[in-house]
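J.: Here it is: the structure, laid out below.
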Amino acid sequence: MFKLSQTSHDRLMTCHPDLIMIVTESLKVSPVDFGVAHGQRPIDEQNKLYQQGRTTPGKIVTYKDGYTNKSKHNYQPSMAVDLYCWPRHIMWDSAHLSVLAGVILSTAKRLKAEGKIMLDLRWGNDWDGDGILVKSDATERFIDEPHFELI
């Protein structure tokens, strides 16, 4: 069983109790170690991410500016969590994140069925939850594989 670092733990503690339980339980069964990149995100930090690829260099990473269009990360507690894989170093690759998503999503379904959490969870590579990843789904357009949010 893996264990969160203190930094990841502190980030997770800014999240909704359902997310805390999902991540904690997933850690017990995950075949890949992982950490928490973001829980609650201040609005000014959200806006900096929004500016990326628009007024600052880099690729667009969010469509939420934090002011007129809040991210689920901008609530207290956070309704979203961003995760990364940690097999040897921080990894954001699709293969590892897809394995992790399977663990996270199945754990969330189990916990909901057991009545231990109240809200559903969706993943940033299958926003509508139809099982078709963004790249192959004409109804979806933005891939955010590290992102999981309560709905």
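To be explicit about the labels: the chains of the structure tokens are called A, B, and onward in the order shown, and within each one the residues are counted from 1, while ligands get numbers from 1 in the order they are shown.
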DSSP says strand (DSSP E or B) for which residues of chain A? Put them as a PyMOL selection string?
T.: chain A and resi 15+34-38+52+56+78+80-85+91+121-124+126+144-150
J.: Would you tabulate, counting only C-alpha atoms, all residues of range 55-122 of chain A that have an atom at most 8 Å from an atom of range 18-39 of chain A, showing the closest pair of atoms and their distance in Å to one decimal, sorted by chain then ascending number, as a Markdown table?
T.:
| residue | atom | partner | partner_atom | distance |
| --- | --- | --- | --- | --- |
| A:His73 | CA | A:Gly39 | CA | 6.1 |
| A:Ser78 | CA | A:Gly39 | CA | 5.8 |
| A:Met79 | CA | A:Leu19 | CA | 7.5 |
| A:Ala80 | CA | A:Gly39 | CA | 6.3 |
| A:Val81 | CA | A:Gly39 | CA | 4.7 |
| A:Asp82 | CA | A:His38 | CA | 5.0 |
| A:Leu83 | CA | A:Val36 | CA | 4.6 |
| A:Tyr84 | CA | A:Gly35 | CA | 5.4 |
| A:Cys85 | CA | A:Phe34 | CA | 4.2 |
| A:Trp86 | CA | A:Phe34 | CA | 4.9 |
| A:Pro87 | CA | A:Asp33 | CA | 5.8 |
| A:His96 | CA | A:Val32 | CA | 7.6 |
| A:Val99 | CA | A:Val32 | CA | 7.9 |
| A:Leu100 | CA | A:Val32 | CA | 7.0 |
| A:Val103 | CA | A:Ser30 | CA | 6.2 |
| A:Ile104 | CA | A:Ser26 | CA | 5.7 |
| A:Thr107 | CA | A:Ser26 | CA | 6.0 |
| A:Ala108 | CA | A:Ile22 | CA | 5.6 |
| A:Leu111 | CA | A:Ile22 | CA | 7.5 |
| A:Ile117 | CA | A:Asp18 | CA | 5.3 |
| A:Met118 | CA | A:Asp18 | CA | 7.1 |
| A:Leu119 | CA | A:Asp18 | CA | 7.1 |
J.: Record the distance separating CA of Met1 in chain A and CA of Pro77 in chain A, expressed in Å with one decimal.
T.: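 That distance, rounded to one decimal, is 26.5 Å.
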J.: As a count of residues only, which residues of range 11-141 of chain A does DSSP assign to helix (DSSP H, G or I)?
T.: 50
J.: What's around Asn47 in chain A at 7 Å? Count only C-alpha atoms, leave out sequence neighbours fewer than 3 positions away in its own chain, and write the answer as an NGL selection string.
T.: :A and (43-44 or 50-51 or 65-66)
